[in-house]
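Student: Before I ask anything, let me first share the structure, which is written out below as structure tokens.
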Amino acid sequence: MPEFVRSDPSMWEAVYADPSIPLDRALVRQIIQDQRRLSRRWLYPVARVFSRVIVALVSIVKRVLPFRWMPLSTMDRLCVWFLRHFVSPDAVDLLIRHFVVETNLVNFIIRNTSIDMEPVTLRPETLAGLGDNAVVEHDVNVYDLLIALDPVPLTPPETLDFTQLDIPPLDAERQRRRLLRLDIQTALCFMNIPFSIALTVEDYRRAVHSIRFDDSFLEILALVCDDDTFRHWKVGGLSLWMDSNVDVPQMVYRHALVCEYAHARLVMLAGGAYPRQTATEFD
């Protein structure tokens with residue numbers, strides 16, 4: 001077989017073609033295009049530092065003045081307004097999608113264990129749906145699930161229930177004119193600021209720490225599905241390590257990718273493996 005040699009390989013083309021990525025090719029392209037936005041290259045490095053400094057200052061002052069500075073409803077309205085006017089529709093689509101994907105994962109565990117817990121209902125389909133206390137609710141769902149799993153043996157059921165792994169049509173309000181079209185990582189940096197302002201110090205810590213349970217979720221899915229593939233995406237994020245002084249937008253972005261990988265694996269186990277496509281040029 002002749003050796004394949006390419007003189008000027010494209011990083012993006014290689015990422016798109018990577019056979020280890022279990023995601024739908026259209027979704028991979030959407031994620032790549034989001035990462036290639038000018039805001040991701042030029043604004044994100046500044047926004048990342050700015051966000052961490054402001055959130056750290058807010059945290060310090062809140063320890064002196066420990067009361068809620070902003071109603072959660074105001075935070076929701078502010079974030080939805082920001083997404084409508086300053087964030088690209090593709091990034092908004094990915095954000096709405098994450099809430100649906102994580103709910104699907106939570107409900108999959110509920111359906112396939114003897115847990116005493118009703119399925120969660122957080123599956124927003126519109127941008128406006130992110131304003132209904134969705135951020136706080138989706139963190140609480142994680143905690144409720146883990147606590148309810150305490151007395152439950154994690155063993156594979158006789159038959160796995162793969163219902164409700166669908167992603168409904170999502171409305172990112174693409175028809176709306178936007179002043180800017182930020183990528184999702186830059187948007188998360190700015191949205192983390194009102195989030196830290198609206199939540200109490202302990203609530204903010206709880207929200208940030210929920211991301212550290214990613215490895216726990218992957219282990220639970222590996223045990224329930226009897227499939228080691230889920231363990232391959234662990235990063236050693238110990239849930240016993242309490243630390244909220246972290247790069248929250250970066251952690252949230254990786255958390256969303258982990259959820260997508262795990263969700264895609266469940267879809268494949270259900271017999272719905274995504275068709276691969278030939279890598280195409282990325283300009």
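Note on naming: chains are A, B, ... as they come in the structure tokens, residues start from 1 per chain, ligands start from 1 in the order shown.
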Show me, as a ChimeraX atom specification, the residues that have an atom within 10 Å of segment 215-226 of chain A when counting only C-alpha atoms, minus same-chain residues fewer than 6 positions from it.
Tutor: /A:105-106,108-109,112-113,142,146,149,153-157,159-160,232-239,255,258-259,262,266,269
Student: With DSSP run on the backbone, what are the strand (DSSP E or B) residues within segment 55-250 of chain A? I'd like them as an MDAnalysis selection string.
Tutor: chainID A and resid 87 126 171 182
Student: Could you list, as a PDB file with N, CA and C atoms, in the first residue's frame, every residue within 10 Å of Phe82 of chain A, counting only C-alpha atoms and ignoring same-chain residues fewer than 3 positions away?
Tutor:
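Saved to selection.pdb:
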```pdb
ATOM      1  N   ASP A  76     -31.333  35.289  35.085  1.00  0.00           N
ATOM      2  CA  ASP A  76     -31.862  34.560  33.934  1.00  0.00           C
ATOM      3  C   ASP A  76     -32.180  35.508  32.777  1.00  0.00           C
ATOM      4  N   ARG A  77     -32.866  36.605  33.086  1.00  0.00           N
ATOM      5  CA  ARG A  77     -33.241  37.561  32.036  1.00  0.00           C
ATOM      6  C   ARG A  77     -32.002  38.188  31.395  1.00  0.00           C
ATOM      7  N   LEU A  78     -31.004  38.495  32.213  1.00  0.00           N
ATOM      8  CA  LEU A  78     -29.784  39.115  31.706  1.00  0.00           C
ATOM      9  C   LEU A  78     -29.028  38.157  30.780  1.00  0.00           C
ATOM     10  N   CYS A  79     -28.954  36.899  31.176  1.00  0.00           N
ATOM     11  CA  CYS A  79     -28.235  35.920  30.359  1.00  0.00           C
ATOM     12  C   CYS A  79     -28.954  35.658  29.044  1.00  0.00           C
ATOM     13  N   HIS A  85     -28.482  38.794  21.805  1.00  0.00           N
ATOM     14  CA  HIS A  85     -27.923  39.944  21.107  1.00  0.00           C
ATOM     15  C   HIS A  85     -26.416  39.871  20.856  1.00  0.00           C
ATOM     16  N   PHE A  86     -25.703  38.965  21.544  1.00  0.00           N
ATOM     17  CA  PHE A  86     -24.248  38.998  21.441  1.00  0.00           C
ATOM     18  C   PHE A  86     -23.596  37.638  21.182  1.00  0.00           C
ATOM     19  N   VAL A  87     -24.371  36.582  21.079  1.00  0.00           N
ATOM     20  CA  VAL A  87     -23.806  35.237  20.925  1.00  0.00           C
ATOM     21  C   VAL A  87     -24.326  34.615  19.638  1.00  0.00           C
ATOM     22  N   ARG A 178     -28.101  40.139  15.514  1.00  0.00           N
ATOM     23  CA  ARG A 178     -27.223  40.199  16.673  1.00  0.00           C
ATOM     24  C   ARG A 178     -26.141  41.258  16.472  1.00  0.00           C
ATOM     25  N   LEU A 180     -23.206  41.174  18.066  1.00  0.00           N
ATOM     26  CA  LEU A 180     -22.001  40.365  17.974  1.00  0.00           C
ATOM     27  C   LEU A 180     -22.414  38.907  17.847  1.00  0.00           C
ATOM     28  N   ALA A 187     -18.571  33.547  25.419  1.00  0.00           N
ATOM     29  CA  ALA A 187     -19.868  33.856  26.030  1.00  0.00           C
ATOM     30  C   ALA A 187     -19.931  33.351  27.465  1.00  0.00           C
ATOM     31  N   PHE A 190     -18.262  35.721  29.982  1.00  0.00           N
ATOM     32  CA  PHE A 190     -19.069  36.888  30.370  1.00  0.00           C
ATOM     33  C   PHE A 190     -20.274  36.471  31.211  1.00  0.00           C
ATOM     34  N   MET A 191     -20.892  35.339  30.902  1.00  0.00           N
ATOM     35  CA  MET A 191     -22.077  34.905  31.642  1.00  0.00           C
ATOM     36  C   MET A 191     -21.731  34.441  33.054  1.00  0.00           C
TER      37      MET A 191
END
```
Student: Determine, for each residue of segment 96-213 of chain A having at least one atom at most 10 Å from an atom of segment 22-34 of chain A, the closest pair of atoms and their separation in Å to one decimal, counting only C-alpha atoms; order by chain and ascending number, as CSV.
Tutor:
```
residue,atom,partner,partner_atom,distance
A:Arg181,CA,A:Asp34,CA,9.8
A:Leu182,CA,A:Asp34,CA,8.6
A:Asp183,CA,A:Asp34,CA,5.5
A:Ile184,CA,A:Asp34,CA,7.0
A:Gln185,CA,A:Asp34,CA,8.9
```
Student: Go ahead and save the residues from that selection, with C-alpha atoms, as a PDB file, in the first residue's frame.
Tutor:
```
ATOM      1  CA  ARG A 181     -21.725  36.647  17.307  1.00  0.00           C
ATOM      2  CA  LEU A 182     -19.492  35.405  20.098  1.00  0.00           C
ATOM      3  CA  ASP A 183     -18.327  31.826  20.381  1.00  0.00           C
ATOM      4  CA  ILE A 184     -19.593  29.758  23.267  1.00  0.00           C
ATOM      5  CA  GLN A 185     -16.396  29.840  25.349  1.00  0.00           C
TER       6      GLN A 185
END
```
Student: In Å, with one decimal, what is the gap from atom CA of Pro151 of chain A to atom CA of Leu240 of chain A?
Tutor: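 Separation between atom CA of Pro151 of chain A and atom CA of Leu240 of chain A: 19.0 Å.
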Student: Taking only C-alpha atoms into account, which of A:Ala148, A:Pro66, A:Arg174, A:Ser20 comes nearest Ile115 of chain A?
Tutor: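 The answer is A:Ala148, which sits nearest to Ile115 of chain A.
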Student: Distance atom CA of Ile197 of chain A-atom CA of Leu94 of chain A, one decimal place?
Tutor: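 Atom CA of Leu94 of chain A lies at a distance of 24.3 Å from atom CA of Ile197 of chain A.
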Student: When DSSP works through the backbone of this structure, what residues of segment 157-246 of chain A end up as helix (DSSP H, G or I), shown as a compact mmCIF listing (two decimals) with N, CA and C atoms, in the first residue's frame?
Tutor:
```
# COMPACT_ATOMS: atom_id res chain seq x y z
N ILE A 184 -19.01 30.19 22.00
CA ILE A 184 -19.59 29.76 23.27
C ILE A 184 -18.64 29.91 24.45
N GLN A 185 -17.32 29.72 24.24
CA GLN A 185 -16.40 29.84 25.35
C GLN A 185 -16.26 31.28 25.81
N THR A 186 -16.19 32.22 24.88
CA THR A 186 -16.15 33.63 25.25
C THR A 186 -17.45 34.04 25.94
N ALA A 187 -18.57 33.55 25.42
CA ALA A 187 -19.87 33.86 26.03
C ALA A 187 -19.93 33.35 27.46
N LEU A 188 -19.40 32.16 27.71
CA LEU A 188 -19.41 31.60 29.07
C LEU A 188 -18.59 32.45 30.04
N CYS A 189 -17.51 33.04 29.54
CA CYS A 189 -16.70 33.91 30.39
C CYS A 189 -17.52 35.10 30.88
N PHE A 190 -18.26 35.72 29.98
CA PHE A 190 -19.07 36.89 30.37
C PHE A 190 -20.27 36.47 31.21
N MET A 191 -20.89 35.34 30.90
CA MET A 191 -22.08 34.91 31.64
C MET A 191 -21.73 34.44 33.05
N ASN A 192 -20.49 34.05 33.27
CA ASN A 192 -20.08 33.61 34.60
C ASN A 192 -20.11 34.76 35.61
N ILE A 193 -20.02 35.98 35.12
CA ILE A 193 -20.00 37.14 36.02
C ILE A 193 -21.36 37.36 36.69
N PRO A 194 -22.47 37.52 35.95
CA PRO A 194 -23.77 37.65 36.63
C PRO A 194 -24.13 36.40 37.42
N PHE A 195 -23.66 35.25 36.98
CA PHE A 195 -23.91 34.01 37.71
C PHE A 195 -23.29 34.09 39.10
N SER A 196 -22.05 34.57 39.19
CA SER A 196 -21.38 34.68 40.49
C SER A 196 -22.00 35.78 41.35
N ILE A 197 -22.54 36.80 40.70
CA ILE A 197 -23.17 37.89 41.45
C ILE A 197 -24.51 37.46 42.04
N ALA A 198 -25.28 36.71 41.27
CA ALA A 198 -26.63 36.35 41.70
C ALA A 198 -26.64 35.26 42.76
N VAL A 201 -22.29 32.68 47.96
CA VAL A 201 -20.98 32.04 47.86
C VAL A 201 -21.12 30.52 47.87
N GLU A 202 -21.95 30.00 48.77
CA GLU A 202 -22.11 28.54 48.88
C GLU A 202 -22.84 27.97 47.67
N ASP A 203 -23.84 28.70 47.16
CA ASP A 203 -24.55 28.22 45.96
C ASP A 203 -23.63 28.20 44.76
N TYR A 204 -22.76 29.21 44.66
CA TYR A 204 -21.81 29.25 43.55
C TYR A 204 -20.83 28.08 43.65
N ARG A 205 -20.36 27.81 44.86
CA ARG A 205 -19.45 26.68 45.07
C ARG A 205 -20.14 25.37 44.68
N ARG A 206 -21.40 25.24 45.05
CA ARG A 206 -22.14 24.02 44.72
C ARG A 206 -22.28 23.87 43.21
N ALA A 207 -22.58 24.97 42.53
CA ALA A 207 -22.74 24.91 41.08
C ALA A 207 -21.43 24.53 40.40
N VAL A 208 -20.33 25.13 40.83
CA VAL A 208 -19.03 24.83 40.23
C VAL A 208 -18.64 23.38 40.52
N HIS A 209 -18.90 22.95 41.75
CA HIS A 209 -18.47 21.60 42.13
C HIS A 209 -19.26 20.52 41.39
N SER A 210 -20.43 20.84 40.92
CA SER A 210 -21.23 19.84 40.20
C SER A 210 -20.47 19.32 38.98
N ILE A 211 -19.59 20.15 38.42
CA ILE A 211 -18.83 19.73 37.23
C ILE A 211 -17.81 18.65 37.61
N ARG A 212 -17.37 18.63 38.86
CA ARG A 212 -16.40 17.63 39.29
C ARG A 212 -17.00 16.22 39.35
N PHE A 213 -18.29 16.11 39.17
CA PHE A 213 -18.93 14.80 39.19
C PHE A 213 -18.95 14.15 37.79
N ASP A 214 -18.29 14.78 36.82
CA ASP A 214 -18.27 14.18 35.49
C ASP A 214 -17.69 12.77 35.52
N ASP A 215 -16.57 12.60 36.22
CA ASP A 215 -15.96 11.27 36.30
C ASP A 215 -16.88 10.29 37.01
N SER A 216 -17.61 10.79 38.00
CA SER A 216 -18.56 9.93 38.72
C SER A 216 -19.66 9.45 37.77
N PHE A 217 -20.17 10.36 36.96
CA PHE A 217 -21.21 9.98 35.99
C PHE A 217 -20.69 8.96 35.00
N LEU A 218 -19.46 9.18 34.52
CA LEU A 218 -18.89 8.24 33.56
C LEU A 218 -18.72 6.86 34.18
N GLU A 219 -18.33 6.81 35.45
CA GLU A 219 -18.18 5.52 36.14
C GLU A 219 -19.54 4.86 36.32
N ILE A 220 -20.55 5.63 36.68
CA ILE A 220 -21.90 5.09 36.84
C ILE A 220 -22.40 4.50 35.52
N LEU A 221 -22.20 5.24 34.44
CA LEU A 221 -22.63 4.74 33.13
C LEU A 221 -21.86 3.50 32.72
N ALA A 222 -20.57 3.46 33.05
CA ALA A 222 -19.76 2.28 32.73
C ALA A 222 -20.28 1.04 33.46
N LEU A 223 -20.67 1.22 34.73
CA LEU A 223 -21.18 0.10 35.52
C LEU A 223 -22.56 -0.34 35.05
N VAL A 224 -23.43 0.63 34.82
CA VAL A 224 -24.81 0.31 34.42
C VAL A 224 -24.83 -0.34 33.04
N CYS A 225 -23.99 0.16 32.13
CA CYS A 225 -23.97 -0.36 30.75
C CYS A 225 -22.98 -1.50 30.58
N ASP A 228 -16.66 -0.29 29.30
CA ASP A 228 -15.50 0.48 29.74
C ASP A 228 -15.25 1.73 28.92
N THR A 229 -15.92 1.88 27.79
CA THR A 229 -15.69 3.04 26.93
C THR A 229 -15.89 4.34 27.69
N PHE A 230 -16.88 4.40 28.55
CA PHE A 230 -17.15 5.63 29.29
C PHE A 230 -15.95 6.04 30.15
N ARG A 231 -15.21 5.07 30.65
CA ARG A 231 -14.07 5.37 31.52
C ARG A 231 -12.93 6.05 30.76
N HIS A 232 -12.89 5.91 29.45
CA HIS A 232 -11.81 6.49 28.67
C HIS A 232 -11.84 8.01 28.69
N TRP A 233 -12.97 8.60 29.03
CA TRP A 233 -13.10 10.06 28.98
C TRP A 233 -12.93 10.71 30.34
```
Student: One number please: atom CA of Gln175 of chain A to atom CA of Trp81 of chain A, in Å, one decimal.
Tutor: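 It comes out at 14.9 Å.
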Student: Nearest residue to Thr121 of chain A out of A:Val100, A:Leu257, A:Leu165, A:Val46, using only C-alpha atoms?
Tutor: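 Nearest candidate to Thr121 of chain A out of A:Val100, A:Leu257, A:Leu165, A:Val46: A:Val100.
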